[in-house]
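As stored in model-v3.cif (mmCIF, C-alpha atoms and all ligand atoms):
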```cif
data_start
#
loop_
_atom_site.label_atom_id
_atom_site.label_comp_id
_atom_site.auth_asym_id
_atom_site.auth_seq_id
_atom_site.Cartn_x
_atom_site.Cartn_y
_atom_site.Cartn_z
CA MET A 1489 21.90 17.29 -5.25
CA THR A 1490 19.23 19.92 -4.62
CA GLU A 1491 16.53 20.75 -7.08
CA THR A 1492 15.17 24.12 -7.92
CA VAL A 1493 11.70 23.00 -8.92
CA THR A 1494 10.37 22.75 -5.36
CA ASP A 1495 11.75 23.75 -1.98
CA PHE A 1496 12.09 20.09 -1.08
CA ASP A 1497 15.71 19.17 -0.30
CA VAL A 1498 15.87 15.88 -2.16
CA GLY A 1499 19.64 15.64 -1.72
CA ALA A 1500 19.26 15.56 2.05
CA VAL A 1501 16.61 12.86 1.75
CA ARG A 1502 18.68 10.73 -0.64
CA ALA A 1503 21.67 10.86 1.68
CA GLN A 1504 19.66 8.87 4.22
CA PHE A 1505 19.16 5.88 1.88
CA PRO A 1506 22.40 3.87 1.68
CA ILE A 1507 21.15 1.67 -1.16
CA LEU A 1508 20.86 4.70 -3.45
CA GLN A 1509 24.67 4.83 -3.49
CA ARG A 1510 24.81 1.47 -5.25
CA GLU A 1511 26.00 0.96 -8.77
CA LEU A 1512 24.77 -1.77 -11.08
CA ASP A 1513 27.23 -2.86 -13.76
CA GLY A 1514 28.94 0.50 -13.46
CA ASN A 1515 25.73 2.52 -13.68
CA PRO A 1516 24.35 4.42 -10.69
CA LEU A 1517 21.14 2.80 -9.44
CA ILE A 1518 18.04 4.70 -10.50
CA TYR A 1519 15.26 3.16 -8.49
CA LEU A 1520 11.82 3.77 -9.97
CA ASP A 1521 9.94 0.75 -8.59
CA ASN A 1522 8.62 2.40 -5.47
CA ALA A 1523 5.05 1.23 -5.90
CA ALA A 1524 6.35 -2.34 -5.55
CA THR A 1525 8.42 -1.52 -2.49
CA THR A 1526 10.27 1.52 -1.20
CA GLN A 1527 13.88 1.64 -0.07
CA LYS A 1528 14.68 2.01 3.63
CA PRO A 1529 16.34 5.01 5.28
CA GLN A 1530 19.24 4.51 7.70
CA ALA A 1531 16.89 5.33 10.61
CA VAL A 1532 14.86 2.19 9.87
CA ILE A 1533 17.92 0.01 9.38
CA ASP A 1534 19.31 1.35 12.68
CA ALA A 1535 16.05 0.63 14.52
CA LEU A 1536 16.14 -2.99 13.36
CA VAL A 1537 19.81 -3.44 14.28
CA ASP A 1538 19.30 -1.75 17.62
CA TYR A 1539 16.35 -3.97 18.47
CA TYR A 1540 18.23 -7.16 17.65
CA THR A 1541 21.47 -6.06 19.32
CA GLN A 1542 19.96 -4.46 22.43
CA CYS A 1543 16.67 -6.01 23.42
CA ASN A 1544 15.61 -8.97 21.30
CA SER A 1545 13.10 -10.91 23.35
CA ASN A 1546 9.54 -12.17 23.16
CA VAL A 1547 6.80 -9.70 24.02
CA HIS A 1548 3.97 -9.67 26.56
CA ARG A 1549 4.96 -12.79 28.44
CA GLY A 1550 8.44 -12.37 29.78
CA ALA A 1551 9.31 -12.03 33.44
CA HIS A 1552 12.56 -10.26 32.64
CA GLN A 1553 13.88 -6.86 31.63
CA LEU A 1554 14.56 -7.59 27.98
CA SER A 1555 11.01 -8.78 27.48
CA ASP A 1556 9.72 -5.65 29.22
CA GLU A 1557 11.82 -3.45 26.95
CA ALA A 1558 10.78 -5.33 23.82
CA THR A 1559 7.12 -5.09 24.86
CA LYS A 1560 7.45 -1.35 25.45
CA ARG A 1561 9.07 -0.78 22.04
CA PHE A 1562 6.50 -3.00 20.34
CA GLU A 1563 3.50 -1.33 21.98
CA ASN A 1564 4.98 2.13 21.45
CA ALA A 1565 5.21 1.22 17.77
CA ARG A 1566 1.47 0.54 17.82
CA LYS A 1567 0.90 3.99 19.34
CA THR A 1568 3.05 5.56 16.61
CA VAL A 1569 0.84 3.96 13.95
CA ALA A 1570 -2.35 4.96 15.77
CA ASN A 1571 -1.20 8.61 15.91
CA PHE A 1572 0.00 8.53 12.30
CA ILE A 1573 -3.41 7.52 10.94
CA ASN A 1574 -5.36 9.34 13.67
CA ALA A 1575 -7.02 6.19 15.02
CA ALA A 1576 -9.50 6.87 17.82
CA ALA A 1577 -7.94 4.13 19.97
CA VAL A 1578 -4.60 2.35 19.94
CA GLU A 1579 -6.24 -1.11 20.09
CA GLU A 1580 -7.76 -0.43 16.68
CA VAL A 1581 -4.30 -1.06 15.22
CA ILE A 1582 -3.78 -4.76 14.46
CA TRP A 1583 -0.37 -5.93 13.26
CA THR A 1584 -0.45 -8.06 10.14
CA SER A 1585 2.14 -9.30 7.68
CA GLY A 1586 0.93 -6.71 5.17
CA THR A 1587 -2.00 -5.40 3.18
CA THR A 1588 -2.84 -8.83 1.75
CA GLU A 1589 -3.18 -10.40 5.18
CA GLY A 1590 -5.26 -7.48 6.45
CA ILE A 1591 -7.75 -7.88 3.61
CA ASN A 1592 -7.85 -11.65 4.13
CA ILE A 1593 -8.61 -11.28 7.86
CA ILE A 1594 -11.64 -9.17 7.04
CA ALA A 1595 -12.67 -11.34 4.09
CA LYS A 1596 -12.55 -14.51 6.19
CA GLY A 1597 -14.86 -12.94 8.76
CA MET A 1598 -17.06 -11.44 6.09
CA ALA A 1599 -17.47 -14.82 4.36
CA GLN A 1600 -19.10 -16.11 7.56
CA ARG A 1601 -21.53 -13.20 7.61
CA LEU A 1602 -22.44 -12.86 3.94
CA LYS A 1603 -25.37 -14.79 2.50
CA ALA A 1604 -27.07 -15.30 -0.85
CA GLY A 1605 -28.59 -12.02 -2.03
CA ASP A 1606 -25.88 -9.89 -0.40
CA GLU A 1607 -23.49 -7.89 -2.56
CA VAL A 1608 -19.86 -6.84 -2.28
CA LEU A 1609 -18.73 -3.84 -4.31
CA VAL A 1610 -15.19 -3.56 -5.68
CA THR A 1611 -13.72 -1.59 -8.58
CA GLN A 1612 -12.19 -2.44 -11.95
CA MET A 1613 -8.82 -1.16 -10.74
CA GLU A 1614 -8.28 -3.65 -7.91
CA HIS A 1615 -4.95 -5.27 -7.11
CA HIS A 1616 -5.53 -9.04 -6.97
CA ALA A 1617 -5.26 -8.82 -3.17
CA ASN A 1618 -8.50 -6.85 -3.06
CA LEU A 1619 -10.23 -8.76 -5.84
CA VAL A 1620 -9.48 -12.47 -5.57
CA THR A 1621 -10.06 -12.30 -1.81
CA TRP A 1622 -13.59 -10.91 -2.24
CA GLN A 1623 -14.29 -13.13 -5.21
CA GLN A 1624 -13.57 -16.16 -3.01
CA ALA A 1625 -15.51 -14.78 -0.03
CA CYS A 1626 -18.51 -14.31 -2.34
CA LYS A 1627 -18.16 -17.80 -3.81
CA ALA A 1628 -18.00 -19.30 -0.33
CA SER A 1629 -21.06 -17.42 0.91
CA GLY A 1630 -23.28 -17.14 -2.15
CA ALA A 1631 -23.00 -13.34 -2.19
CA GLN A 1632 -22.53 -11.47 -5.45
CA LEU A 1633 -19.46 -9.48 -6.43
CA LYS A 1634 -20.23 -6.22 -8.26
CA VAL A 1635 -17.47 -4.33 -10.05
CA VAL A 1636 -17.56 -0.56 -10.50
CA PRO A 1637 -16.18 0.36 -13.94
CA ILE A 1638 -13.53 2.94 -14.77
CA ASP A 1639 -13.34 5.24 -17.79
CA GLU A 1640 -10.59 5.22 -20.42
CA GLN A 1641 -8.51 7.65 -18.35
CA GLY A 1642 -8.62 5.44 -15.27
CA ASN A 1643 -11.16 7.48 -13.28
CA LEU A 1644 -13.72 5.51 -11.35
CA SER A 1645 -17.22 6.05 -12.77
CA ILE A 1646 -19.13 7.73 -9.96
CA GLU A 1647 -22.36 7.40 -11.92
CA ALA A 1648 -21.92 3.63 -12.14
CA PHE A 1649 -20.91 3.51 -8.48
CA ASP A 1650 -24.17 5.23 -7.52
CA GLN A 1651 -26.13 2.75 -9.61
CA LEU A 1652 -24.37 -0.35 -8.30
CA LEU A 1653 -24.51 0.66 -4.63
CA SER A 1654 -27.76 -0.63 -3.14
CA ASP A 1655 -29.48 -1.76 0.05
CA ARG A 1656 -28.02 -5.20 -0.70
CA THR A 1657 -24.42 -3.90 -0.56
CA ARG A 1658 -22.84 -5.33 2.58
CA LEU A 1659 -19.31 -4.20 1.86
CA LEU A 1660 -17.47 -1.70 -0.29
CA ALA A 1661 -13.81 -2.70 -0.75
CA MET A 1662 -11.73 -0.33 -2.85
CA PRO A 1663 -8.23 1.09 -3.23
CA HIS A 1664 -7.26 4.50 -1.93
CA VAL A 1665 -4.82 4.70 -4.84
CA SER A 1666 -4.44 2.34 -7.81
CA ASN A 1667 -1.03 0.66 -8.00
CA ALA A 1668 -1.28 0.20 -11.76
CA LEU A 1669 -2.67 3.60 -12.78
CA GLY A 1670 -1.91 5.96 -9.91
CA THR A 1671 -5.56 7.05 -9.71
CA VAL A 1672 -6.46 8.60 -6.36
CA ASN A 1673 -10.05 7.67 -5.57
CA PRO A 1674 -12.52 9.97 -3.78
CA ILE A 1675 -12.68 7.60 -0.83
CA VAL A 1676 -14.28 10.05 1.61
CA SER A 1677 -17.39 10.73 -0.47
CA LEU A 1678 -17.75 7.12 -1.65
CA THR A 1679 -17.35 5.84 1.91
CA ALA A 1680 -20.09 8.22 3.07
CA LYS A 1681 -22.45 6.93 0.36
CA ALA A 1682 -21.75 3.28 1.24
CA LYS A 1683 -22.15 3.93 4.96
CA ALA A 1684 -25.50 5.61 4.29
CA LYS A 1685 -26.64 2.28 2.78
CA GLY A 1686 -25.47 0.44 5.89
CA ALA A 1687 -22.48 -1.23 4.20
CA LEU A 1688 -19.09 -1.80 5.78
CA VAL A 1689 -16.19 -0.12 3.99
CA LEU A 1690 -12.64 -1.41 3.58
CA ILE A 1691 -9.99 0.81 2.01
CA ASP A 1692 -6.91 -0.84 0.53
CA GLY A 1693 -4.34 1.75 1.54
CA ALA A 1694 -1.24 -0.04 0.21
CA GLN A 1695 -0.49 2.80 -2.21
CA GLY A 1696 -2.28 5.61 -0.42
CA VAL A 1697 -0.44 5.63 2.85
CA ALA A 1698 2.96 6.89 1.64
CA HIS A 1699 1.58 9.65 -0.54
CA GLY A 1700 -0.64 11.61 1.76
CA ASP A 1701 -1.85 12.31 5.21
CA VAL A 1702 -4.21 9.47 6.02
CA ASP A 1703 -6.77 10.24 8.71
CA VAL A 1704 -8.93 7.19 9.25
CA GLN A 1705 -11.51 9.10 11.26
CA ALA A 1706 -11.90 11.69 8.51
CA ILE A 1707 -12.16 8.97 5.85
CA GLY A 1708 -14.98 7.35 7.82
CA ALA A 1709 -14.39 3.75 6.63
CA ASP A 1710 -14.47 0.69 8.90
CA PHE A 1711 -11.13 -0.76 7.83
CA TYR A 1712 -7.96 0.73 6.33
CA VAL A 1713 -5.14 -1.71 5.52
CA PHE A 1714 -1.54 -1.06 4.51
CA SER A 1715 1.98 -2.48 4.39
CA GLY A 1716 5.15 -1.26 6.07
CA HIS A 1717 7.37 -1.94 3.07
CA LYS A 1718 5.66 0.61 0.84
CA LEU A 1719 6.13 3.21 3.56
CA PHE A 1720 9.94 3.02 3.85
CA GLY A 1721 9.61 0.28 6.49
CA PRO A 1722 10.47 -3.44 6.53
CA THR A 1723 8.75 -6.22 4.63
CA GLY A 1724 6.59 -8.74 6.50
CA ILE A 1725 4.79 -6.15 8.61
CA GLY A 1726 1.59 -4.23 8.00
CA VAL A 1727 -1.46 -2.85 9.70
CA LEU A 1728 -5.13 -3.59 9.73
CA TRP A 1729 -6.86 -0.59 11.22
CA GLY A 1730 -10.46 -1.25 12.13
CA ARG A 1731 -13.15 0.65 13.95
CA LYS A 1732 -13.16 -0.65 17.52
CA ALA A 1733 -16.90 -1.39 17.62
CA VAL A 1734 -16.57 -3.48 14.45
CA LEU A 1735 -13.34 -5.30 15.33
CA GLU A 1736 -14.43 -6.12 18.87
CA ASP A 1737 -16.62 -8.99 17.75
CA TRP A 1738 -14.95 -9.70 14.41
CA PRO A 1739 -14.60 -13.46 13.85
CA ILE A 1740 -11.22 -14.68 15.02
CA TRP A 1741 -9.02 -15.95 12.20
CA LEU A 1742 -5.88 -17.43 13.78
CA THR A 1743 -6.01 -19.35 17.04
CA GLY A 1744 -3.11 -19.97 19.39
CA GLY A 1745 -1.13 -18.11 22.01
CA GLU A 1746 -1.66 -14.42 22.81
CA MET A 1747 -5.23 -14.24 21.48
CA ILE A 1748 -6.99 -16.23 24.20
CA ALA A 1749 -8.52 -15.28 27.55
CA THR A 1750 -9.00 -18.76 29.08
CA VAL A 1751 -8.39 -22.27 27.78
CA THR A 1752 -9.57 -25.70 28.93
CA TYR A 1753 -9.15 -29.03 27.14
CA GLU A 1754 -12.70 -28.60 25.90
CA ASP A 1755 -12.92 -24.96 24.91
CA ALA A 1756 -11.39 -21.49 24.88
CA THR A 1757 -12.48 -17.86 25.20
CA TRP A 1758 -10.95 -14.99 23.31
CA GLY A 1759 -9.00 -12.04 24.62
CA ALA A 1760 -9.65 -8.36 23.99
CA LEU A 1761 -8.44 -6.21 21.11
CA PRO A 1762 -5.84 -6.00 19.70
CA ASN A 1763 -4.57 -9.41 20.88
CA ARG A 1764 -7.66 -11.39 19.83
CA LEU A 1765 -6.66 -10.85 16.20
CA GLU A 1766 -2.91 -11.34 16.74
CA ALA A 1767 -2.24 -14.99 17.57
CA GLY A 1768 1.35 -16.17 17.98
CA THR A 1769 4.63 -14.33 18.34
CA PRO A 1770 4.33 -11.16 16.27
CA ASN A 1771 6.87 -9.59 13.93
CA ILE A 1772 8.36 -7.53 16.77
CA ALA A 1773 11.33 -6.13 14.85
CA GLY A 1774 9.07 -5.39 11.89
CA ALA A 1775 6.64 -3.37 14.02
CA ILE A 1776 9.51 -1.40 15.57
CA GLY A 1777 11.03 -0.82 12.13
CA MET A 1778 7.69 0.29 10.72
CA ALA A 1779 7.29 2.80 13.54
CA ALA A 1780 10.79 4.10 12.84
CA ALA A 1781 9.79 4.55 9.20
CA ILE A 1782 6.68 6.47 10.23
CA ASP A 1783 8.69 8.70 12.58
CA TRP A 1784 11.12 9.35 9.75
CA PHE A 1785 8.34 10.05 7.24
CA GLN A 1786 6.43 12.32 9.60
CA ALA A 1787 9.45 14.54 10.11
CA LEU A 1788 9.13 15.56 6.44
CA ASP A 1789 6.84 18.32 5.27
CA ILE A 1790 4.01 16.35 3.66
CA ASN A 1791 2.97 19.22 1.40
CA ALA A 1792 6.52 19.55 0.10
CA VAL A 1793 6.60 15.78 -0.41
CA LYS A 1794 3.40 15.89 -2.45
CA ALA A 1795 4.62 18.86 -4.50
CA HIS A 1796 7.91 17.08 -5.19
CA GLU A 1797 6.18 13.92 -6.41
CA GLN A 1798 3.84 15.94 -8.61
CA ALA A 1799 6.81 17.82 -10.08
CA LEU A 1800 8.44 14.49 -10.98
CA LEU A 1801 5.22 13.26 -12.60
CA GLU A 1802 4.73 16.46 -14.58
CA HIS A 1803 8.32 16.36 -15.79
CA ALA A 1804 7.82 12.74 -16.90
CA LEU A 1805 4.58 13.57 -18.72
CA GLU A 1806 6.35 16.38 -20.55
CA LEU A 1807 9.23 14.13 -21.63
CA ALA A 1808 6.80 11.38 -22.67
CA LYS A 1809 5.64 13.59 -25.54
CA ASP A 1810 9.04 13.07 -27.17
CA ILE A 1811 8.94 9.28 -27.26
CA PRO A 1812 7.37 8.03 -30.50
CA GLY A 1813 4.52 5.56 -29.92
CA MET A 1814 4.46 6.02 -26.14
CA ARG A 1815 1.03 5.91 -24.54
CA ILE A 1816 0.42 6.63 -20.88
CA VAL A 1817 -1.99 4.15 -19.33
CA GLY A 1818 -3.89 5.98 -16.61
CA ASN A 1819 -4.45 9.70 -16.91
CA ALA A 1820 -6.86 10.21 -14.04
CA ASP A 1821 -7.71 13.75 -12.98
CA ASN A 1822 -6.21 13.04 -9.56
CA LYS A 1823 -3.16 10.81 -9.62
CA ILE A 1824 0.09 10.22 -7.77
CA GLY A 1825 3.55 9.71 -9.25
CA ILE A 1826 2.89 6.47 -11.08
CA LEU A 1827 3.68 6.40 -14.79
CA SER A 1828 2.29 3.28 -16.47
CA PHE A 1829 2.94 3.16 -20.18
CA VAL A 1830 3.21 1.13 -23.34
CA ILE A 1831 5.34 1.86 -26.39
CA GLU A 1832 4.00 0.74 -29.73
CA GLY A 1833 5.89 -2.23 -31.10
CA ILE A 1834 7.90 -2.93 -27.92
CA HIS A 1835 6.90 -5.49 -25.32
CA PRO A 1836 6.90 -4.06 -21.77
CA ALA A 1837 9.23 -6.87 -20.63
CA ASP A 1838 11.83 -5.76 -23.21
CA ILE A 1839 11.58 -2.18 -21.95
CA GLY A 1840 12.22 -3.39 -18.41
CA PHE A 1841 15.16 -5.53 -19.47
CA LEU A 1842 16.86 -2.80 -21.49
CA LEU A 1843 16.39 -0.21 -18.76
CA ASP A 1844 17.81 -2.63 -16.21
CA ARG A 1845 20.96 -2.92 -18.32
CA GLN A 1846 21.35 0.83 -17.71
CA GLY A 1847 20.81 0.58 -13.94
CA ILE A 1848 17.20 1.78 -14.09
CA ALA A 1849 14.74 -0.31 -12.08
CA ILE A 1850 11.09 -0.20 -13.12
CA ARG A 1851 8.32 -2.80 -13.02
CA THR A 1852 6.73 -4.47 -16.01
CA GLY A 1853 3.78 -6.82 -16.36
CA ASP A 1854 0.19 -6.87 -15.18
CA HIS A 1855 0.95 -5.34 -11.76
CA CYS A 1856 -1.22 -7.97 -10.03
CA ALA A 1857 -4.20 -6.52 -11.86
CA GLN A 1858 -4.92 -8.90 -14.74
CA PRO A 1859 -8.61 -7.98 -15.15
CA LEU A 1860 -7.64 -4.28 -15.23
CA MET A 1861 -5.13 -4.93 -18.01
CA GLN A 1862 -7.86 -6.79 -19.94
CA ARG A 1863 -10.25 -3.89 -19.39
CA LEU A 1864 -7.63 -1.48 -20.77
CA GLY A 1865 -6.79 -3.75 -23.69
CA VAL A 1866 -3.09 -4.11 -22.88
CA PRO A 1867 -1.14 -7.29 -22.05
CA GLY A 1868 0.68 -5.34 -19.38
CA THR A 1869 2.53 -2.07 -18.99
CA ALA A 1870 5.90 -0.72 -18.01
CA ARG A 1871 5.58 1.25 -14.78
CA ALA A 1872 7.88 3.84 -13.28
CA SER A 1873 6.81 4.92 -9.82
CA PHE A 1874 8.29 7.96 -8.12
CA THR A 1875 8.81 8.80 -4.49
CA ILE A 1876 10.48 11.36 -2.31
CA TYR A 1877 14.09 10.40 -3.02
CA ASN A 1878 13.72 10.50 -6.80
CA THR A 1879 15.10 13.46 -8.69
CA LEU A 1880 14.35 15.22 -11.94
CA GLN A 1881 17.63 13.71 -13.11
CA ASP A 1882 16.21 10.23 -12.42
CA VAL A 1883 13.28 11.08 -14.67
CA ASP A 1884 15.67 12.41 -17.33
CA ALA A 1885 17.65 9.17 -17.10
CA LEU A 1886 14.48 7.13 -17.53
CA PHE A 1887 13.62 8.88 -20.76
CA LYS A 1888 17.17 8.82 -22.05
CA GLY A 1889 17.11 5.09 -21.30
CA LEU A 1890 13.79 4.65 -23.09
CA LYS A 1891 15.14 6.40 -26.20
CA LYS A 1892 18.18 4.14 -26.14
CA ALA A 1893 15.98 1.06 -25.70
CA ALA A 1894 13.72 2.12 -28.57
CA MET A 1895 16.77 2.63 -30.81
CA MET A 1896 18.18 -0.79 -29.92
CA LEU A 1897 14.90 -2.46 -30.76
CA ALA A 1898 14.25 -0.46 -33.94
N1 LIG B 1901 -3.09 -3.45 -2.85
C1 LIG B 1901 -2.38 -2.61 -3.61
C2 LIG B 1901 -3.06 -1.44 -4.25
C3 LIG B 1901 -1.02 -2.82 -3.79
O1 LIG B 1901 -0.29 -2.00 -4.55
C4 LIG B 1901 -0.40 -3.94 -3.16
C5 LIG B 1901 1.08 -4.22 -3.35
N2 LIG B 1901 1.51 -4.12 -4.67
C6 LIG B 1901 -1.20 -4.76 -2.36
C7 LIG B 1901 -2.53 -4.48 -2.24
C8 LIG B 1901 -0.61 -5.92 -1.64
O2 LIG B 1901 0.34 -5.49 -0.71
P1 LIG B 1901 1.30 -6.54 0.02
O3 LIG B 1901 1.92 -7.35 -1.07
O4 LIG B 1901 2.28 -5.68 0.73
O5 LIG B 1901 0.45 -7.35 0.92
#
```
Can the structure from this file be put into structure tokens for me?
Ligand code: PMP
Amino acid sequence: MTETVTDFDVGAVRAQFPILQRELDGNPLIYLDNAATTQKPQAVIDALVDYYTQCNSNVHRGAHQLSDEATKRFENARKTVANFINAAAVEEVIWTSGTTEGINIIAKGMAQRLKAGDEVLVTQMEHHANLVTWQQACKASGAQLKVVPIDEQGNLSIEAFDQLLSDRTRLLAMPHVSNALGTVNPIVSLTAKAKAKGALVLIDGAQGVAHGDVDVQAIGADFYVFSGHKLFGPTGIGVLWGRKAVLEDWPIWLTGGEMIATVTYEDATWGALPNRLEAGTPNIAGAIGMAAAIDWFQALDINAVKAHEQALLEHALELAKDIPGMRIVGNADNKIGILSFVIEGIHPADIGFLLDRQGIAIRTGDHCAQPLMQRLGVPGTARASFTIYNTLQDVDALFKGLKKAAMMLA
């Protein structure tokens, strides 16, 4: 199944994802829910099986060969991540359970440092993970949460950003890419502006990391957080990248084994990075699986990947013109392959249900962005999200399915 639209061999990519062979009620699976989680290539599945069948053991503390091997694989995985995002030092990579945990680690520390009069800047397009967390950190500390508006197309208002950023801004926390709209934010220039005011900057990279070449040094932020499962890796594993000088004295958040230097009955001292922020037995298999996903992803030509995803989006936008009453929610100037939409007279949940009957998996609802839905005046949307293993035929099937759904509900 090769496509002529780009020189990207999508058939060869698809062949590596066993789940894409599945049928649902006799229909071939058409998986268009990649912004929620991506499927896993055989290389990742093999890495997990190999770890559990060959060297399962606890890391860092064993006096035996299996533990040594597990530790090597686990720490090599950290190096893979560090190289992938161009971290200046490998100890800047902290394993987490995912984006949400990464944001919470920073928010917990921030809440101790914020005080009344301080401000935290977020955007109107936040996922709840990067909104509720800061809302609560502000409530706990007396700081004020400021929200940068978006325009009707889903572009962040740079004018409003410039007005809201001030000497009182202690932190800018914003998404690289919006999960609900697909908007790609100009994180490099906005980070530079916030840093010039002395603020810390956290980028929620949950949606950004699998759609581009993330270089944390070039971005210039203090923290970049992401999840393995949106990057063709396992669930339950993610990364908090932080600038070493900032993380070195970041308030500890979990206490226990691994993160200490010395312990008495009365007190304890903390270890060095990365362990000081990684208490307890880590998700060893998850880290190894995530590194396998990164190795797999990096073997692809990123420019071809981007061109392929854009071709899918453009094809979808063309076909959308043929669906009566369909409105795309999120038409930012710079966006990835996320197609959020509403169809007049049809509830998004019904769209999702009727597509599912045809083997087509999309997401419907508020996409963990309730305030954004309110801002856009919709109860929720239907969202198809494309990635490297999707084909033009998948997009055709989506629109054929939408026409069928519209007819059934007419
Ligand atoms: N931020 C964004 C932009 C997301 O899309 C998501 C996942 N939908 C998250 C944060 C949270 O990621 P996770 O559930 O993997 O922690």
Quick one: which chain A residues come within 9 Å of ligand LIG 1901 (chain B), and what is the nearest atom pair for each with the distance in Å to one decimal, counting only C-alpha atoms and all ligand atoms, rows ordered by chain and ascending number, as CSV?
```
residue,atom,partner,partner_atom,distance
A:Ala1523,CA,B:LIG1901,O1,6.4
A:Ala1524,CA,B:LIG1901,N2,5.2
A:Thr1525,CA,B:LIG1901,N2,7.7
A:Ser1585,CA,B:LIG1901,O5,7.2
A:Gly1586,CA,B:LIG1901,O5,4.3
A:Thr1587,CA,B:LIG1901,O5,3.9
A:Thr1588,CA,B:LIG1901,O5,3.7
A:Glu1589,CA,B:LIG1901,O5,6.4
A:Gly1590,CA,B:LIG1901,O5,7.9
A:Ile1591,CA,B:LIG1901,C7,8.5
A:Met1613,CA,B:LIG1901,C2,8.7
A:Glu1614,CA,B:LIG1901,C2,6.7
A:His1615,CA,B:LIG1901,N1,5.0
A:His1616,CA,B:LIG1901,C7,7.2
A:Ala1617,CA,B:LIG1901,C7,5.2
A:Asn1618,CA,B:LIG1901,N1,6.4
A:Met1662,CA,B:LIG1901,C2,8.9
A:Pro1663,CA,B:LIG1901,C2,5.8
A:His1664,CA,B:LIG1901,C2,7.6
A:Val1665,CA,B:LIG1901,C2,6.4
A:Ser1666,CA,B:LIG1901,C2,5.4
A:Asn1667,CA,B:LIG1901,O1,4.4
A:Ala1668,CA,B:LIG1901,O1,7.6
A:Asp1692,CA,B:LIG1901,N1,5.7
A:Gly1693,CA,B:LIG1901,C2,6.7
A:Ala1694,CA,B:LIG1901,C1,4.7
A:Gln1695,CA,B:LIG1901,O1,5.3
A:Gly1696,CA,B:LIG1901,C2,8.1
A:Val1713,CA,B:LIG1901,C7,8.6
A:Phe1714,CA,B:LIG1901,O4,7.1
A:Ser1715,CA,B:LIG1901,O4,4.9
A:Gly1716,CA,B:LIG1901,O4,7.5
A:His1717,CA,B:LIG1901,O4,6.7
A:Lys1718,CA,B:LIG1901,O4,7.1
A:Thr1723,CA,B:LIG1901,O4,7.6
A:Gly1724,CA,B:LIG1901,O4,7.8
A:Ile1725,CA,B:LIG1901,O4,8.3
A:Gly1726,CA,B:LIG1901,O4,7.4
A:His1855,CA,B:LIG1901,N2,7.2
A:Cys1856,CA,B:LIG1901,N2,7.1
```
I need the chosen residues saved as an mmCIF file, keeping the file's coordinate frame, with C-alpha atoms.
```cif
data_model
loop_
_atom_site.group_PDB
_atom_site.id
_atom_site.type_symbol
_atom_site.label_atom_id
_atom_site.label_comp_id
_atom_site.auth_asym_id
_atom_site.auth_seq_id
_atom_site.Cartn_x
_atom_site.Cartn_y
_atom_site.Cartn_z
ATOM 1 C CA ALA A 1523 5.050 1.230 -5.900
ATOM 2 C CA ALA A 1524 6.350 -2.340 -5.550
ATOM 3 C CA THR A 1525 8.420 -1.520 -2.490
ATOM 4 C CA SER A 1585 2.140 -9.300 7.680
ATOM 5 C CA GLY A 1586 0.930 -6.710 5.170
ATOM 6 C CA THR A 1587 -2.000 -5.400 3.180
ATOM 7 C CA THR A 1588 -2.840 -8.830 1.750
ATOM 8 C CA GLU A 1589 -3.180 -10.400 5.180
ATOM 9 C CA GLY A 1590 -5.260 -7.480 6.450
ATOM 10 C CA ILE A 1591 -7.750 -7.880 3.610
ATOM 11 C CA MET A 1613 -8.820 -1.160 -10.740
ATOM 12 C CA GLU A 1614 -8.280 -3.650 -7.910
ATOM 13 C CA HIS A 1615 -4.950 -5.270 -7.110
ATOM 14 C CA HIS A 1616 -5.530 -9.040 -6.970
ATOM 15 C CA ALA A 1617 -5.260 -8.820 -3.170
ATOM 16 C CA ASN A 1618 -8.500 -6.850 -3.060
ATOM 17 C CA MET A 1662 -11.730 -0.330 -2.850
ATOM 18 C CA PRO A 1663 -8.230 1.090 -3.230
ATOM 19 C CA HIS A 1664 -7.260 4.500 -1.930
ATOM 20 C CA VAL A 1665 -4.820 4.700 -4.840
ATOM 21 C CA SER A 1666 -4.440 2.340 -7.810
ATOM 22 C CA ASN A 1667 -1.030 0.660 -8.000
ATOM 23 C CA ALA A 1668 -1.280 0.200 -11.760
ATOM 24 C CA ASP A 1692 -6.910 -0.840 0.530
ATOM 25 C CA GLY A 1693 -4.340 1.750 1.540
ATOM 26 C CA ALA A 1694 -1.240 -0.040 0.210
ATOM 27 C CA GLN A 1695 -0.490 2.800 -2.210
ATOM 28 C CA GLY A 1696 -2.280 5.610 -0.420
ATOM 29 C CA VAL A 1713 -5.140 -1.710 5.520
ATOM 30 C CA PHE A 1714 -1.540 -1.060 4.510
ATOM 31 C CA SER A 1715 1.980 -2.480 4.390
ATOM 32 C CA GLY A 1716 5.150 -1.260 6.070
ATOM 33 C CA HIS A 1717 7.370 -1.940 3.070
ATOM 34 C CA LYS A 1718 5.660 0.610 0.840
ATOM 35 C CA THR A 1723 8.750 -6.220 4.630
ATOM 36 C CA GLY A 1724 6.590 -8.740 6.500
ATOM 37 C CA ILE A 1725 4.790 -6.150 8.610
ATOM 38 C CA GLY A 1726 1.590 -4.230 8.000
ATOM 39 C CA HIS A 1855 0.950 -5.340 -11.760
ATOM 40 C CA CYS A 1856 -1.220 -7.970 -10.030
#
```
Atomic distance CA of Arg1851 (chain A) - CA of Asn1819 (chain A), expressed in Å with one decimal: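 Separation of CA of Arg1851 (chain A) and CA of Asn1819 (chain A): 18.3 Å.
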Two-atom distance - CA of Ala1795 (chain A), CA of Ala1775 (chain A) (Å): 29.0 Å
Have a look at A:Ala1531, A:Leu1554, A:Met1861, A:Ile1675 and name the one nearest to Ala1779 (chain A); count all atoms listed in the file.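 With all atoms listed in the file as the atom set, the closest residue is A:Ala1531.
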